[in-house]
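> One structure, pasted below without further comment.
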Amino acid sequence: MAVSLRLRDIVAKLGGEAVGEVAAPLTGVGTLDSAGPAQITFLANPRYRSRLASTSAGAIIVGPRDRDAASIPRIVAENPYAYYARTVALFHPPPAVRPGIHPFAQVDGSVRLDASVQVDAFAVVAAGAEIGPGAHVGSHCVIGERVVIGAGTRLHPRVTIYDDCRIGARCILHAGVVIGADGFGQAPDQGRWVKIPQVGAVRIGDDVEVGANTTIDRGALDDTVIEEGVKLDNQIQVAHNCVIGAHTVVAGCTGISGSTKIGRHCMIGGGVGIVGHVEICDHVVISGFSLVAKSILKPGTYTSGMPLMPHAEWLRNAAHLRRLDETLTGRKHKAGDALERDDD
Amino acid sequence: MAVSLRLRDIVAKLGGEAVGEVAAPLTGVGTLDSAGPAQITFLANPRYRSRLASTSAGAIIVGPRDRDAASIPRIVAENPYAYYARTVALFHPPPAVRPGIHPFAQVDGSVRLDASVQVDAFAVVAAGAEIGPGAHVGSHCVIGERVVIGAGTRLHPRVTIYDDCRIGARCILHAGVVIGADGFGQAPDQGRWVKIPQVGAVRIGDDVEVGANTTIDRGALDDTVIEEGVKLDNQIQVAHNCVIGAHTVVAGCTGISGSTKIGRHCMIGGGVGIVGHVEICDHVVISGFSLVAKSILKPGTYTSGMPLMPHAEWLRNAAHLRRLDETLTGRKHKAGDALERDDD
Amino acid sequence: MAVSLRLRDIVAKLGGEAVGEVAAPLTGVGTLDSAGPAQITFLANPRYRSRLASTSAGAIIVGPRDRDAASIPRIVAENPYAYYARTVALFHPPPAVRPGIHPFAQVDGSVRLDASVQVDAFAVVAAGAEIGPGAHVGSHCVIGERVVIGAGTRLHPRVTIYDDCRIGARCILHAGVVIGADGFGQAPDQGRWVKIPQVGAVRIGDDVEVGANTTIDRGALDDTVIEEGVKLDNQIQVAHNCVIGAHTVVAGCTGISGSTKIGRHCMIGGGVGIVGHVEICDHVVISGFSLVAKSILKPGTYTSGMPLMPHAEWLRNAAHLRRLDETLTGRKHKAGDALERDDD
């Protein structure tokens, strides 16, 4: 299980140029601050350049600009951050799939899967599902009827996929993910709500990662679509009929309301709220904890959010926000009494 | 499983008036844009009226005002959106309950349930629980001691209900829901926290729907209460001792702090934050991603939230927010140095 | 199971001073409003002092200042709120651990655990794990390889702990918690994302409580650390490499981005967003639903968040926020057309 590599071994697999060589094989990767002599580190962010002098790492991955900034054995790579990612994977290869169906899994007789698939204890795979070669269904996963899972996809324990959803190849779904629960469709009728059956599904492309406890709802009539290469962090909510374009990343706790369409190559921060039925074009960056209430028509970086203040300052400043129009325009508005009186 | 219907079949079941008739039976429902000749569509939002001309749908559901706006075979209904919801349910009836206890479920001998109940693989139902006729407990559900589940309620896979909670009839709970975990009660004592045992429970009324991964905590001493007809979307957090009034809907990712009371027939948007111990009266609408920090005494629509801006504009504008009081009143305040200096 | 206590019994166990005595043993605890003659109540918040006159409780816990404010039998304690917490625990002791491994649990032969441990149905404990004396692993928990769980810790049903994570003693983890899923590390490379394997783990100290559906990600290279006595509410997301200092509490739905360090004895409100790579010093209080975008260098209370307004007022006021700099400084900025036109 332990992997030992010299720089020449790494370069042979990942490219780049080795400058110097380690005296003894490396056994892992560490940060500039924590790496020891048996570990390789990396410099991707120029802010950390000053830490080069003090690192105890045995070797380092640097970009072409920093070729001579370090004196220890090093690998020069065009994109040191991506190179670091691939180096970690060399030292820590993902666990091999151990083909076979655990005797305590419940796999319906009609499920199509070949001998290369791993299904763990207490997993349930329902009628008509299809699981691609080399896929791994973790313990306690529940796979609905007619679900399709692509080759090499890994479901960590406790993923639930409702009927008729499709997951691409080489995807990673983390624990607690729910794919294809009913979208939130309720029609008002005489003071009550009539459930709108959600008869679309969820289609997820290849190479998608979905973080722990994230939920992606099935569409009302058409499908909810996550295109290839999308990366979703934990605890994200994707409502029915959203489309997330290829290679877009979304950080944790973000909520995307129904029928919203996000373009390709976007970066959506954590805790962002996006209202329904808007469109965000390609190559948009949304700062964390922003609110998107309108469509975004041009690439760029967008932000909302109130600055944090010491509470006493906030109280003084916030009071003005409620009457900003009056203060700035002189227009008088009828005082509302709809909210509780300020008493703090 | 496939359902075929003509307009006269639909009207016979749901009321409304058929104008014209389809040449061949319909097989489903689609949107104005996606429906084909074998599908029925609907017009509920006048914004989409212009799409009537181009739809390929075989038939349409319209309101009385649009009776003559469409020329294809149609159903005229008072509430075309609710009619659409019911029409989808005709074409896609919910899966029938298949009575029986899976041999790999663990149902305690003291549980009261009759032969009409379905309990799926790996479900656990603890001592003293009671499950109503026609209820369906999905795979991997965990039902605590003395839990009561009403008739016809459906628990999707992987719902957890802690001891002593009560769920009404005809409820739908989606995957990952947790009902009755401990409310967050911690008493400070000499720099440490003493856990306050949460000995209330959760009571959920009839016809409630709870979305995937939503959590509803048990009360500290009294119960947390969700009244009949409430619809909760995904990833909502309802803290201990909240009361949510009948027929209120709450969209995804909203957090409701402890002991807050929300009235009947409210519509709470997604991503909303509601502080503890406030009251919101009946018939209140809260815009998505708003913060409710005070009680709301009058029906109406309420909003907070900073508008999104291109980041450079936000930087210029946000700087003023920190000194709004100073700018608008001329009062000087001691400059704080409690926060990191702006450097972006 | 039912517990009956007089004031002298309570004081014998918890200290404090009994003033008067109940005629018949008490059977539980209730609020000032709901407690009956067989229950003891408490007064911790002076706002509720006026309710003393009307309570029907049989006895009350008060602080030294309120010794004579109540006339019913009472216990005078320094910290009546913490005393109340401990009194509830006397009447409602946690369920005893029932040692043994359920025949339908899957515990690998290499797992180290003694006869005092309870493992419930359908739990999975993988190779090399170690479970301390008196711990309780609920049904459907999935415990990864080499995980260490301390003595007396309770995992409610459906907790998932990935490989190599460590949980301290006397912790409580609620249903749906996911510990140690991959941190969100993706390196951009030519328009695609390269996954950065997350090879750190999660270390959780003693006496930590984690609420339902909360997720704590494993570190990229180093560990994510939750120190002793931390209390996390439901649906919190803690990203990779965060450190949360001892005895800090975090309320529900808060998201903490990667590599952020929170001090000791902090109180973080619900729905708070904290960006990555910031530091919050000890003894900081963050108001609910605030955004923390910078490091906080001094203890105190901090707030952001726009006040809620009736929607019509919000529309008037929010329009000014987009041009605050222009209005207050007279500087002209090029009008952007990057966002959809306002039409509401």
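Simple scheme: letters A, B, ... for chains in structure tokens order, numbers from 1 for residues in each chain, numbers from 1 for ligands in the order shown.
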List the neighbours of Ser34 in chain A out to 10 Å using only C-alpha atoms; skip same-chain residues closer than 5 positions along the sequence, and give me the result as number ranges by chain.
A: 29, 39, 41, 55-57; C: 221-222
> Return the Cα root-mean-square deviation, in Å, for chain A superposed on chain B by least squares with the Cα atoms paired in order.
0.1 Å
> Counting only C-alpha atoms, which of C:Leu90, C:Ala123, C:Ile204, C:Val250 gets nearest to chain A?
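Of C:Leu90, C:Ala123, C:Ile204, C:Val250, the one nearest chain A, counting only C-alpha atoms, is C:Ala123.
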> Contacts from chain A to chain B, 7 Å maximum, only C-alpha atoms: show me the residue list as a ChimeraX atom specification.
/A:176,178,181,184,187-189,192,194-197,215,221,255,273,290-292,301-307,316-317,320,338-340
> For Ala70 in chain C, find every residue with an atom within 12 Å (counting only C-alpha atoms), except residues of its own chain fewer than 2 positions away, and show them as a VMD selection string.
chain C and resid 19 to 20 32 41 to 43 49 to 68 72 to 76
> Using N, CA and C atoms, can you export the residues from the last selection as an mmCIF file, in the first residue's frame?

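Contents of the output file result05.cif:
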data_model
loop_
_atom_site.group_PDB
_atom_site.id
_atom_site.type_symbol
_atom_site.label_atom_id
_atom_site.label_comp_id
_atom_site.auth_asym_id
_atom_site.auth_seq_id
_atom_site.Cartn_x
_atom_site.Cartn_y
_atom_site.Cartn_z
ATOM 1 N N VAL C 19 -35.318 25.302 49.058
ATOM 2 C CA VAL C 19 -36.111 26.178 49.923
ATOM 3 C C VAL C 19 -37.538 25.645 49.883
ATOM 4 N N GLY C 20 -37.988 25.068 50.985
ATOM 5 C CA GLY C 20 -39.268 24.379 50.990
ATOM 6 C C GLY C 20 -39.106 22.992 50.373
ATOM 7 N N LEU C 32 -42.251 27.383 32.328
ATOM 8 C CA LEU C 32 -43.098 28.172 33.222
ATOM 9 C C LEU C 32 -44.563 28.090 32.793
ATOM 10 N N THR C 41 -40.045 23.653 37.240
ATOM 11 C CA THR C 41 -39.737 24.545 36.138
ATOM 12 C C THR C 41 -38.486 25.348 36.515
ATOM 13 N N PHE C 42 -38.155 26.362 35.718
ATOM 14 C CA PHE C 42 -36.930 27.126 36.015
ATOM 15 C C PHE C 42 -37.083 28.540 35.507
ATOM 16 N N LEU C 43 -36.343 29.448 36.131
ATOM 17 C CA LEU C 43 -36.299 30.840 35.683
ATOM 18 C C LEU C 43 -34.833 31.204 35.460
ATOM 19 N N ARG C 49 -39.665 36.757 34.279
ATOM 20 C CA ARG C 49 -39.964 36.804 35.700
ATOM 21 C C ARG C 49 -41.447 37.028 35.984
ATOM 22 N N SER C 50 -42.086 37.788 35.072
ATOM 23 C CA SER C 50 -43.507 38.087 35.296
ATOM 24 C C SER C 50 -44.377 36.829 35.227
ATOM 25 N N ARG C 51 -43.848 35.767 34.622
ATOM 26 C CA ARG C 51 -44.646 34.545 34.531
ATOM 27 C C ARG C 51 -44.625 33.727 35.824
ATOM 28 N N LEU C 52 -43.802 34.142 36.763
ATOM 29 C CA LEU C 52 -43.741 33.411 38.029
ATOM 30 C C LEU C 52 -45.113 33.357 38.695
ATOM 31 N N ALA C 53 -45.812 34.448 38.586
ATOM 32 C CA ALA C 53 -47.092 34.547 39.289
ATOM 33 C C ALA C 53 -48.097 33.530 38.784
ATOM 34 N N SER C 54 -48.007 33.217 37.512
ATOM 35 C CA SER C 54 -49.061 32.389 36.918
ATOM 36 C C SER C 54 -48.673 30.933 36.718
ATOM 37 N N THR C 55 -47.439 30.561 37.012
ATOM 38 C CA THR C 55 -47.056 29.178 36.724
ATOM 39 C C THR C 55 -47.798 28.202 37.644
ATOM 40 N N SER C 56 -48.075 27.049 37.079
ATOM 41 C CA SER C 56 -48.710 25.990 37.874
ATOM 42 C C SER C 56 -47.710 24.937 38.314
ATOM 43 N N ALA C 57 -46.437 25.217 38.081
ATOM 44 C CA ALA C 57 -45.408 24.233 38.424
ATOM 45 C C ALA C 57 -45.414 23.942 39.918
ATOM 46 N N GLY C 58 -44.983 22.736 40.254
ATOM 47 C CA GLY C 58 -44.916 22.339 41.652
ATOM 48 C C GLY C 58 -43.679 22.866 42.356
ATOM 49 N N ALA C 59 -42.659 23.204 41.574
ATOM 50 C CA ALA C 59 -41.413 23.724 42.143
ATOM 51 C C ALA C 59 -40.670 24.469 41.049
ATOM 52 N N ILE C 60 -39.591 25.173 41.439
ATOM 53 C CA ILE C 60 -38.883 25.975 40.458
ATOM 54 C C ILE C 60 -37.393 26.059 40.812
ATOM 55 N N ILE C 61 -36.568 26.163 39.787
ATOM 56 C CA ILE C 61 -35.137 26.416 39.956
ATOM 57 C C ILE C 61 -34.902 27.894 39.680
ATOM 58 N N VAL C 62 -34.295 28.600 40.611
ATOM 59 C CA VAL C 62 -34.042 30.036 40.430
ATOM 60 C C VAL C 62 -32.595 30.361 40.796
ATOM 61 N N GLY C 63 -32.157 31.532 40.347
ATOM 62 C CA GLY C 63 -30.843 32.028 40.747
ATOM 63 C C GLY C 63 -30.920 32.741 42.092
ATOM 64 N N PRO C 64 -29.771 33.068 42.652
ATOM 65 C CA PRO C 64 -29.765 33.718 43.977
ATOM 66 C C PRO C 64 -30.580 35.012 44.008
ATOM 67 N N ARG C 65 -30.590 35.773 42.925
ATOM 68 C CA ARG C 65 -31.345 37.034 42.900
ATOM 69 C C ARG C 65 -32.844 36.812 43.006
ATOM 70 N N ASP C 66 -33.292 35.629 42.526
ATOM 71 C CA ASP C 66 -34.731 35.362 42.509
ATOM 72 C C ASP C 66 -35.173 34.460 43.666
ATOM 73 N N ARG C 67 -34.296 34.353 44.651
ATOM 74 C CA ARG C 67 -34.599 33.469 45.786
ATOM 75 C C ARG C 67 -35.968 33.754 46.384
ATOM 76 N N ASP C 68 -36.303 35.022 46.486
ATOM 77 C CA ASP C 68 -37.570 35.379 47.121
ATOM 78 C C ASP C 68 -38.637 35.824 46.127
ATOM 79 N N ILE C 72 -43.228 29.280 45.640
ATOM 80 C CA ILE C 72 -43.396 27.830 45.633
ATOM 81 C C ILE C 72 -42.075 27.179 46.057
ATOM 82 N N PRO C 73 -42.111 25.886 46.403
ATOM 83 C CA PRO C 73 -40.858 25.189 46.728
ATOM 84 C C PRO C 73 -39.851 25.391 45.612
ATOM 85 N N ARG C 74 -38.597 25.600 46.016
ATOM 86 C CA ARG C 74 -37.652 25.984 44.979
ATOM 87 C C ARG C 74 -36.236 25.529 45.296
ATOM 88 N N ILE C 75 -35.437 25.503 44.261
ATOM 89 C CA ILE C 75 -34.011 25.249 44.420
ATOM 90 C C ILE C 75 -33.285 26.508 43.968
ATOM 91 N N VAL C 76 -32.394 26.990 44.831
ATOM 92 C CA VAL C 76 -31.595 28.161 44.481
ATOM 93 C C VAL C 76 -30.227 27.657 44.014
#
> DSSP on the backbone: what in range 146-275 of chain A comes out strand (DSSP E or B), as a VMD selection string?
chain A and resid 148 to 149 154 to 155 160 to 161 166 to 167 172 to 173 178 to 179 186 to 189 192 to 195 202 to 204 209 to 210 215 to 216 224 to 226 231 to 232 237 to 238 243 to 244 249 to 250 255 to 256 261 to 262 267 to 268 273 to 274
